[in-house]
2 protein chains.
Amino acid sequence: MDPDFPHGLTVPSQTKIVLLVMDGLGGLPLEPGGKTELETACKPNLDSLVERSALGLTVPAGPGITVGSGPGHLALFGYDPFEYEIGRGALEALGVDFDLGAQDVAARGNFCSVDENEIIIDRRAGRIPTDIACRLAEILRTIRVDGVEFFIEPVKEHRFAFILRAPELSDALSETDPLRTGVPPLSVRALNPQAQKTADYVNRFIDQAASLLADQKPANMILLRGFARLPALPAYPELYGLHPAAIAINGMYRGVARLAGMEVLDVRSPTIADEFATLEEYWNDFDFFYLHIKKTDTCGENGDFMGKVRAIEEVDALLPRLLALQPDVLIIGGDHSSPAVLKAHSWHPVPVLIHAAHVRPDGLSDFGERTCSRGSLGILPAKYILRIALANAGRLAKYGA
Amino acid sequence: MDPDFPHGLTVPSQTKIVLLVMDGLGGLPLEPGGKTELETACKPNLDSLVERSALGLTVPAGPGITVGSGPGHLALFGYDPFEYEIGRGALEALGVDFDLGAQDVAARGNFCSVDENEIIIDRRAGRIPTDIACRLAEILRTIRVDGVEFFIEPVKEHRFAFILRAPELSDALSETDPLRTGVPPLSVRALNPQAQKTADYVNRFIDQAASLLADQKPANMILLRGFARLPALPAYPELYGLHPAAIAINGMYRGVARLAGMEVLDVRSPTIADEFATLEEYWNDFDFFYLHIKKTDTCGENGDFMGKVRAIEEVDALLPRLLALQPDVLIIGGDHSSPAVLKAHSWHPVPVLIHAAHVRPDGLSDFGERTCSRGSLGILPAKYILRIALANAGRLAKYGA
């Protein structure tokens, strides 16, 4: 992978690593002079870890860059988020939490309007309301083509995610959207011979869609763009000799974890407590656990400052159960910042903590944005966190003599 | 060299720079809440420098990467330790402190066992004890081939370093170890026409070795792998217009310094005090001095916390002699960390101090891991330290108008 990470440096070990990601962890004060969400939270367990931890701030994809959860997670997982880009179709599918598999091909779909000669008159079908798009998606879901499975997932207004699932698919496909009106939709062409079968599947789907939607107004046709599979990443077992598992409720995070070669575990119910229960249940079966907490980001994006504070406190209260398992290395951080005051992801570096027997302690006393900015990890690219964890886990050999 | 270091930026100057390397300087507390070796040491002279110094932590070769002394020194000398890799054979020779010359070719050797048909039956000769390998090395040292000098340096058990010294050697050679038993050792092949003479030298050595070892049991043959010269580095005189000298006792450091174009000075006796005496003696003859202290690392690797503390104190006590020479820029740092508690090199960033007339002082009061993590140099790749020193020495022109 990275030119600055020599191959063959990893060594086997019995140690266990936990990567606890509070999505959108980084925050901002509501008012000048105030505290951030993390600084406001009453979190005795997190704070008491600090004494035996190294602190820092992670930069997901470069100074000033606000990332989505996809690149934010790729970076935390140790991949360069610019080197491994998640294509538009795959993003659309992950973005609605579709559980995209490594072999699936996804596209961004539009409902559109065509006239009686099949000429496009509106590429967005007048931006039909989402509930109408949901009804149309139900119609499209009745389409059957031998050898392939289709998934139609409404996004917003006229947009939907279109996914094909079958063996040996390819995303080397041309788009059907001519990007202008006054012309008919294009057929999908295979951009190489291996993609012909996939092109045929898509074209047969489109033919049936045209018939089924013919009487709908104004959305009587579909356009498909940005065919993409998930990127092929070198996976944890080969890269690091790890046997990794992911505990995450939402499809997007499950999809990205699967990319890294993680086994995605089932969680009994979509609660943080049951995510911790899953960690306990599978503790003996894996040596790396990615544990994803969504609520911090959801509250941040909703502008719910105190909700985000409470989400952090909920994690803090559950932390003793994780510590009781005695992981050799525990990383606690976030994939990006989501300050409630901005109601959105942001570019601000993200607090991170590495807790292990041989970190060099910083002499700091609480886990917050300001203390992390004085930590011994410094302000560092998020993609380096994993290798520091591997070092602390005794899983990296010396480079050179 | 580096794409981010424009050529032609250096300017002549009469200033003098000293790079004082305490090998394995970085440490860890013995117990949570305790102090590191450097923080424990009573070092009034080092501490009093801090007031007029910029502090920071160096990362030898990337976050989480533990380096050997070779890459650790290349980085401190201003080279990218991944760009300039020291090959396996050269590493083996440097690792036993062999004073490897820039023109020498080195290989990693094994004593092995062959049957009466010269078929390998054990690639490691049953891992013979080191003292037997030493005796066998004495036998191999009797081998003479016109035009070339051989050196055989036992490493451990069946392993030894094999070095050729002659003009115009090449390391473009195939290996003799087939990496499996049941087949005979391979002959060395020249991988390009220029390497033919070197291949002939090695094959003639191996022929004689086979005869001389024939009656030995179980180690009656040798295998050679990883032929390598030291990498060709752009040297200090051309890169920076410096006339540099190295003061180091152990062969490995002398070898790496020579790579950078440094003149390696003789030291009267292997003591730190005599290293400082050498610095005084040659002060007027050079404008850059690399002064290497080994004891800090030796104690760290031996798990001797207090020994490492005393080594730092010994350097501190000698520091006034160095300061009396009034270097324009003094860098004090380490090539990597060697915490006594780990008894090994480690990945932890390394304390560094730059003392010069125009550093921006940090307002810190002592030289230790925790103060350095709050220093104004930040946590930075070790390869950048030298150019900051050059700037402070008035040896770098402005880039752009």
# chains A, B, ... in the order shown; residues from 1 in each chain; ligands from 1
>>> residues_around(residues="Pro71 (chain B)", least_positions_apart="6", cutoff="12 Å", atoms="only C-alpha atoms", output="JSON, numbers by chain")
{"A": [398, 399, 400, 401], "B": [59, 60, 61, 62, 65, 77, 78, 79, 80, 81, 82, 83, 84, 85, 86, 87, 91, 94, 231, 252, 253, 256, 257, 335, 336, 382, 383]}
>>> write_last_selection(atoms="C-alpha atoms", output="tab-separated table (two decimals), in the first residue's frame")
chain	number	residue	atom	x	y	z
A	398	LYS	CA	11.93	-3.46	13.10
A	399	TYR	CA	12.77	-1.79	9.80
A	400	GLY	CA	16.47	-2.16	9.02
A	401	ALA	CA	19.27	-3.03	11.41
B	59	VAL	CA	9.80	10.42	13.88
B	60	PRO	CA	12.57	8.40	12.19
B	61	ALA	CA	10.64	6.64	9.43
B	62	GLY	CA	6.95	7.19	9.87
B	65	ILE	CA	7.67	2.25	12.55
B	77	PHE	CA	21.43	12.84	8.34
B	78	GLY	CA	18.61	14.27	6.20
B	79	TYR	CA	17.90	11.32	3.90
B	80	ASP	CA	14.57	9.60	3.41
B	81	PRO	CA	15.10	6.20	5.07
B	82	PHE	CA	12.74	4.46	2.66
B	83	GLU	CA	14.26	6.01	-0.45
B	84	TYR	CA	17.78	4.95	0.55
B	85	GLU	CA	17.51	1.42	1.77
B	86	ILE	CA	20.49	-0.45	3.12
B	87	GLY	CA	20.45	-3.94	1.54
B	91	LEU	CA	22.98	-4.62	6.97
B	94	LEU	CA	27.03	-3.15	9.62
B	231	PRO	CA	23.50	2.68	-1.15
B	252	MET	CA	28.04	0.61	11.81
B	253	TYR	CA	27.86	4.34	12.52
B	256	VAL	CA	26.71	5.12	7.57
B	257	ALA	CA	28.54	8.43	8.18
B	335	ASP	CA	18.22	7.97	15.95
B	336	HIS	CA	15.30	6.12	17.59
B	382	ALA	CA	13.65	13.19	11.48
B	383	LYS	CA	14.86	13.91	7.95
>>> interface_residues(of="chain A", to="chain B", cutoff="12 Å", atoms="only C-alpha atoms", output="PyMOL selection string")
chain A and resi 2-7+9-10+49-56+78+356-365+371-401
>>> select_by_dssp(residues="region 234-377 of chain B", states="strand (DSSP E or B)", output="list in words")
Pro244, Ala245, Ala246, Ile247, Glu263, Val264, Phe288, Phe289, Tyr290, Leu291, His292, Ile293, Val329, Leu330, Ile331, Ile332, Gly333, Ser337, Ser346, Val350, Pro351, Val352, Leu353, Ile354, His355 and Ala356 of chain B
>>> write_last_selection(atoms="N, CA and C atoms", output="PDB file, in the first residue's frame")
ATOM      1  N   PRO B 244      32.243  17.718   6.314  1.00  0.00           N
ATOM      2  CA  PRO B 244      31.762  17.061   7.531  1.00  0.00           C
ATOM      3  C   PRO B 244      32.688  15.990   8.072  1.00  0.00           C
ATOM      4  N   ALA B 245      32.667  15.827   9.384  1.00  0.00           N
ATOM      5  CA  ALA B 245      33.439  14.787  10.050  1.00  0.00           C
ATOM      6  C   ALA B 245      32.531  13.987  10.982  1.00  0.00           C
ATOM      7  N   ALA B 246      32.896  12.710  11.182  1.00  0.00           N
ATOM      8  CA  ALA B 246      32.131  11.837  12.067  1.00  0.00           C
ATOM      9  C   ALA B 246      33.019  11.347  13.196  1.00  0.00           C
ATOM     10  N   ILE B 247      32.454  11.376  14.385  1.00  0.00           N
ATOM     11  CA  ILE B 247      33.147  10.842  15.558  1.00  0.00           C
ATOM     12  C   ILE B 247      32.248   9.752  16.126  1.00  0.00           C
ATOM     13  N   GLU B 263      34.080  12.491   6.767  1.00  0.00           N
ATOM     14  CA  GLU B 263      35.386  11.922   7.082  1.00  0.00           C
ATOM     15  C   GLU B 263      35.292  11.331   8.487  1.00  0.00           C
ATOM     16  N   VAL B 264      35.662  10.075   8.618  1.00  0.00           N
ATOM     17  CA  VAL B 264      35.516   9.416   9.912  1.00  0.00           C
ATOM     18  C   VAL B 264      36.814   9.568  10.695  1.00  0.00           C
ATOM     19  N   PHE B 288      31.127  20.647  10.040  1.00  0.00           N
ATOM     20  CA  PHE B 288      29.997  19.836  10.501  1.00  0.00           C
ATOM     21  C   PHE B 288      30.568  18.636  11.234  1.00  0.00           C
ATOM     22  N   PHE B 289      30.058  18.386  12.426  1.00  0.00           N
ATOM     23  CA  PHE B 289      30.504  17.236  13.215  1.00  0.00           C
ATOM     24  C   PHE B 289      29.301  16.394  13.622  1.00  0.00           C
ATOM     25  N   TYR B 290      29.390  15.122  13.300  1.00  0.00           N
ATOM     26  CA  TYR B 290      28.430  14.142  13.819  1.00  0.00           C
ATOM     27  C   TYR B 290      29.134  13.411  14.950  1.00  0.00           C
ATOM     28  N   LEU B 291      28.567  13.495  16.142  1.00  0.00           N
ATOM     29  CA  LEU B 291      29.175  12.894  17.331  1.00  0.00           C
ATOM     30  C   LEU B 291      28.207  11.851  17.860  1.00  0.00           C
ATOM     31  N   HIS B 292      28.630  10.595  17.852  1.00  0.00           N
ATOM     32  CA  HIS B 292      27.731   9.489  18.183  1.00  0.00           C
ATOM     33  C   HIS B 292      28.035   8.885  19.554  1.00  0.00           C
ATOM     34  N   ILE B 293      27.008   8.778  20.388  1.00  0.00           N
ATOM     35  CA  ILE B 293      27.129   8.168  21.716  1.00  0.00           C
ATOM     36  C   ILE B 293      26.352   6.855  21.699  1.00  0.00           C
ATOM     37  N   VAL B 329      25.353  26.074  15.552  1.00  0.00           N
ATOM     38  CA  VAL B 329      24.123  25.290  15.704  1.00  0.00           C
ATOM     39  C   VAL B 329      24.475  23.965  16.370  1.00  0.00           C
ATOM     40  N   LEU B 330      23.726  23.637  17.394  1.00  0.00           N
ATOM     41  CA  LEU B 330      23.911  22.358  18.075  1.00  0.00           C
ATOM     42  C   LEU B 330      22.580  21.621  18.059  1.00  0.00           C
ATOM     43  N   ILE B 331      22.598  20.416  17.481  1.00  0.00           N
ATOM     44  CA  ILE B 331      21.416  19.557  17.500  1.00  0.00           C
ATOM     45  C   ILE B 331      21.723  18.430  18.468  1.00  0.00           C
ATOM     46  N   ILE B 332      20.809  18.180  19.392  1.00  0.00           N
ATOM     47  CA  ILE B 332      20.964  17.030  20.282  1.00  0.00           C
ATOM     48  C   ILE B 332      19.712  16.170  20.141  1.00  0.00           C
ATOM     49  N   GLY B 333      19.919  14.929  19.737  1.00  0.00           N
ATOM     50  CA  GLY B 333      18.770  14.052  19.533  1.00  0.00           C
ATOM     51  C   GLY B 333      19.184  12.601  19.528  1.00  0.00           C
ATOM     52  N   SER B 337      14.083   5.533  19.593  1.00  0.00           N
ATOM     53  CA  SER B 337      13.933   5.301  21.029  1.00  0.00           C
ATOM     54  C   SER B 337      14.384   3.884  21.351  1.00  0.00           C
ATOM     55  N   SER B 346      12.285   1.056  19.761  1.00  0.00           N
ATOM     56  CA  SER B 346      10.834   1.192  19.714  1.00  0.00           C
ATOM     57  C   SER B 346      10.437   2.284  18.740  1.00  0.00           C
ATOM     58  N   VAL B 350      11.332  10.683  19.151  1.00  0.00           N
ATOM     59  CA  VAL B 350      12.603  10.855  19.864  1.00  0.00           C
ATOM     60  C   VAL B 350      12.812  12.340  20.207  1.00  0.00           C
ATOM     61  N   PRO B 351      13.151  12.644  21.440  1.00  0.00           N
ATOM     62  CA  PRO B 351      13.397  14.037  21.824  1.00  0.00           C
ATOM     63  C   PRO B 351      14.511  14.651  20.981  1.00  0.00           C
ATOM     64  N   VAL B 352      14.319  15.902  20.608  1.00  0.00           N
ATOM     65  CA  VAL B 352      15.355  16.622  19.872  1.00  0.00           C
ATOM     66  C   VAL B 352      15.352  18.080  20.310  1.00  0.00           C
ATOM     67  N   LEU B 353      16.518  18.664  20.222  1.00  0.00           N
ATOM     68  CA  LEU B 353      16.723  20.054  20.658  1.00  0.00           C
ATOM     69  C   LEU B 353      17.622  20.718  19.620  1.00  0.00           C
ATOM     70  N   ILE B 354      17.255  21.911  19.190  1.00  0.00           N
ATOM     71  CA  ILE B 354      18.132  22.691  18.313  1.00  0.00           C
ATOM     72  C   ILE B 354      18.479  23.977  19.045  1.00  0.00           C
ATOM     73  N   HIS B 355      19.776  24.143  19.254  1.00  0.00           N
ATOM     74  CA  HIS B 355      20.268  25.288  20.004  1.00  0.00           C
ATOM     75  C   HIS B 355      21.043  26.180  19.040  1.00  0.00           C
ATOM     76  N   ALA B 356      20.607  27.421  18.894  1.00  0.00           N
ATOM     77  CA  ALA B 356      21.263  28.360  17.972  1.00  0.00           C
ATOM     78  C   ALA B 356      20.826  29.759  18.345  1.00  0.00           C
TER      79      ALA B 356
END
>>> residues_around(residues="Pro178 (chain B)", least_positions_apart="5", cutoff="12 Å", atoms="only C-alpha atoms", output="list of chain:residue names")
B:Cys112, B:Ile119, B:Ile120, B:Ile121, B:Asp122, B:Arg123, B:Val183, B:Pro184, B:Pro185, B:Leu186, B:Ser187, B:Val188, B:Ile222, B:Leu223, B:Leu224, B:Arg225
>>> select_by_dssp(residues="region 210-272 of chain B", states="helix (DSSP H, G or I)", output="PyMOL selection string")
chain B and resi 210-213+236-240+251-259+272
>>> atom_distance(atom1="CA of Asn220 (chain B)", atom2="CA of Val114 (chain B)")
6.5 Å
>>> closest_residue(among="A:Thr40, A:His243, A:Asp23, A:Glu314", to="Phe286 (chain A)", atoms="only C-alpha atoms")
A:His243
>>> residues_around(residues="Leu46 (chain B)", least_positions_apart="4", cutoff="8 Å", atoms="only C-alpha atoms", output="list in words")
Val50, Asp316, Leu319, Asp366 and Phe367 of chain B
>>> write_last_selection(atoms="all heavy atoms", output="PDB file, in the first residue's frame")
ATOM      1  N   VAL B  50      17.941  24.452  27.156  1.00  0.00           N
ATOM      2  CA  VAL B  50      16.561  24.452  26.664  1.00  0.00           C
ATOM      3  C   VAL B  50      16.008  25.865  26.519  1.00  0.00           C
ATOM      4  O   VAL B  50      15.279  26.174  25.578  1.00  0.00           O
ATOM      5  CB  VAL B  50      15.670  23.596  27.595  1.00  0.00           C
ATOM      6  CG1 VAL B  50      14.184  23.799  27.305  1.00  0.00           C
ATOM      7  CG2 VAL B  50      16.053  22.122  27.445  1.00  0.00           C
ATOM      8  N   ASP B 316      26.012  14.846  29.646  1.00  0.00           N
ATOM      9  CA  ASP B 316      25.709  16.172  30.190  1.00  0.00           C
ATOM     10  C   ASP B 316      26.944  16.795  30.831  1.00  0.00           C
ATOM     11  O   ASP B 316      27.218  17.987  30.656  1.00  0.00           O
ATOM     12  CB  ASP B 316      24.580  16.073  31.224  1.00  0.00           C
ATOM     13  CG  ASP B 316      24.143  17.437  31.716  1.00  0.00           C
ATOM     14  OD1 ASP B 316      23.430  18.124  30.959  1.00  0.00           O
ATOM     15  OD2 ASP B 316      24.556  17.839  32.822  1.00  0.00           O
ATOM     16  N   LEU B 319      29.244  18.161  28.262  1.00  0.00           N
ATOM     17  CA  LEU B 319      28.672  19.149  27.360  1.00  0.00           C
ATOM     18  C   LEU B 319      29.376  20.511  27.401  1.00  0.00           C
ATOM     19  O   LEU B 319      29.559  21.147  26.346  1.00  0.00           O
ATOM     20  CB  LEU B 319      27.171  19.300  27.645  1.00  0.00           C
ATOM     21  CG  LEU B 319      26.318  19.907  26.538  1.00  0.00           C
ATOM     22  CD1 LEU B 319      26.363  19.056  25.280  1.00  0.00           C
ATOM     23  CD2 LEU B 319      24.875  20.057  27.020  1.00  0.00           C
ATOM     24  N   ASP B 366      13.061  22.111  30.602  1.00  0.00           N
ATOM     25  CA  ASP B 366      13.920  20.941  30.710  1.00  0.00           C
ATOM     26  C   ASP B 366      13.780  20.082  29.469  1.00  0.00           C
ATOM     27  O   ASP B 366      12.810  20.182  28.717  1.00  0.00           O
ATOM     28  CB  ASP B 366      13.612  20.130  31.965  1.00  0.00           C
ATOM     29  CG  ASP B 366      12.241  19.510  31.904  1.00  0.00           C
ATOM     30  OD1 ASP B 366      11.244  20.237  32.126  1.00  0.00           O
ATOM     31  OD2 ASP B 366      12.147  18.307  31.589  1.00  0.00           O
ATOM     32  N   PHE B 367      14.780  19.234  29.266  1.00  0.00           N
ATOM     33  CA  PHE B 367      14.862  18.409  28.069  1.00  0.00           C
ATOM     34  C   PHE B 367      14.327  17.021  28.402  1.00  0.00           C
ATOM     35  O   PHE B 367      14.999  16.231  29.076  1.00  0.00           O
ATOM     36  CB  PHE B 367      16.325  18.336  27.614  1.00  0.00           C
ATOM     37  CG  PHE B 367      16.546  17.642  26.299  1.00  0.00           C
ATOM     38  CD1 PHE B 367      15.730  17.893  25.201  1.00  0.00           C
ATOM     39  CD2 PHE B 367      17.597  16.746  26.143  1.00  0.00           C
ATOM     40  CE1 PHE B 367      15.958  17.265  23.980  1.00  0.00           C
ATOM     41  CE2 PHE B 367      17.847  16.118  24.928  1.00  0.00           C
ATOM     42  CZ  PHE B 367      17.014  16.371  23.836  1.00  0.00           C
TER      43      PHE B 367
END
>>> residues_around(residues="Ala324 (chain A)", least_positions_apart="3", cutoff="12 Å", atoms="only C-alpha atoms", output="list in words")
Phe276, Leu279, Glu280, Trp283, Leu318, Leu319, Pro320, Arg321, Pro327 and Asp328 of chain A
>>> residues_around(residues="Val315 (chain B)", least_positions_apart="2", cutoff="12 Å", atoms="only C-alpha atoms", output="number ranges by chain")
B: 20-23, 25, 38, 41-46, 271-276, 291-296, 308-313, 317-322, 332
>>> write_last_selection(atoms="C-alpha atoms", output="compact mmCIF listing (two decimals), in the first residue's frame")
# COMPACT_ATOMS: atom_id res chain seq x y z
CA LEU B 20 25.14 15.06 18.84
CA VAL B 21 23.33 11.73 18.59
CA MET B 22 22.57 9.81 21.76
CA ASP B 23 21.69 6.45 20.27
CA LEU B 25 17.69 8.39 23.34
CA LEU B 38 15.88 11.31 30.03
CA ALA B 41 18.66 12.08 34.51
CA CYS B 42 20.25 14.94 36.42
CA LYS B 43 21.46 17.01 33.48
CA PRO B 44 21.88 20.68 34.41
CA ASN B 45 23.82 21.53 31.26
CA LEU B 46 21.26 20.03 28.88
CA THR B 271 35.16 6.41 25.75
CA ILE B 272 32.72 9.27 25.51
CA ALA B 273 35.34 11.60 26.97
CA ASP B 274 37.75 10.75 24.17
CA GLU B 275 35.02 11.33 21.60
CA PHE B 276 34.66 14.85 22.99
CA LEU B 291 29.18 12.89 17.33
CA HIS B 292 27.73 9.49 18.18
CA ILE B 293 27.13 8.17 21.72
CA LYS B 294 26.42 4.45 21.80
CA LYS B 295 26.00 3.81 25.53
CA THR B 296 22.45 5.16 25.79
CA LYS B 308 20.95 4.77 30.47
CA VAL B 309 20.27 7.57 32.94
CA ARG B 310 23.98 7.62 33.87
CA ALA B 311 25.03 7.61 30.20
CA ILE B 312 22.92 10.73 29.64
CA GLU B 313 24.45 12.28 32.76
CA ALA B 317 28.88 16.50 32.26
CA LEU B 318 30.98 16.69 29.09
CA LEU B 319 28.67 19.15 27.36
CA PRO B 320 30.49 22.30 28.62
CA ARG B 321 33.56 21.23 26.61
CA LEU B 322 31.42 21.15 23.47
CA ILE B 332 20.96 17.03 20.28
>>> residues_around(residues="Val148 (chain A)", least_positions_apart="6", cutoff="9 Å", atoms="only C-alpha atoms", output="list in words")
Leu164, Arg165, Ala166, Pro167 and Tyr201 of chain A
>>> atom_distance(atom1="CA of Arg254 (chain A)", atom2="CA of Leu19 (chain A)")
14.2 Å
>>> atom_distance(atom1="CA of Asp171 (chain A)", atom2="CA of Ala219 (chain A)")
26.0 Å
>>> closest_residue(among="B:Arg229, B:Gly303, B:Ser174, B:Thr58", to="Leu76 (chain B)", atoms="only C-alpha atoms")
B:Thr58
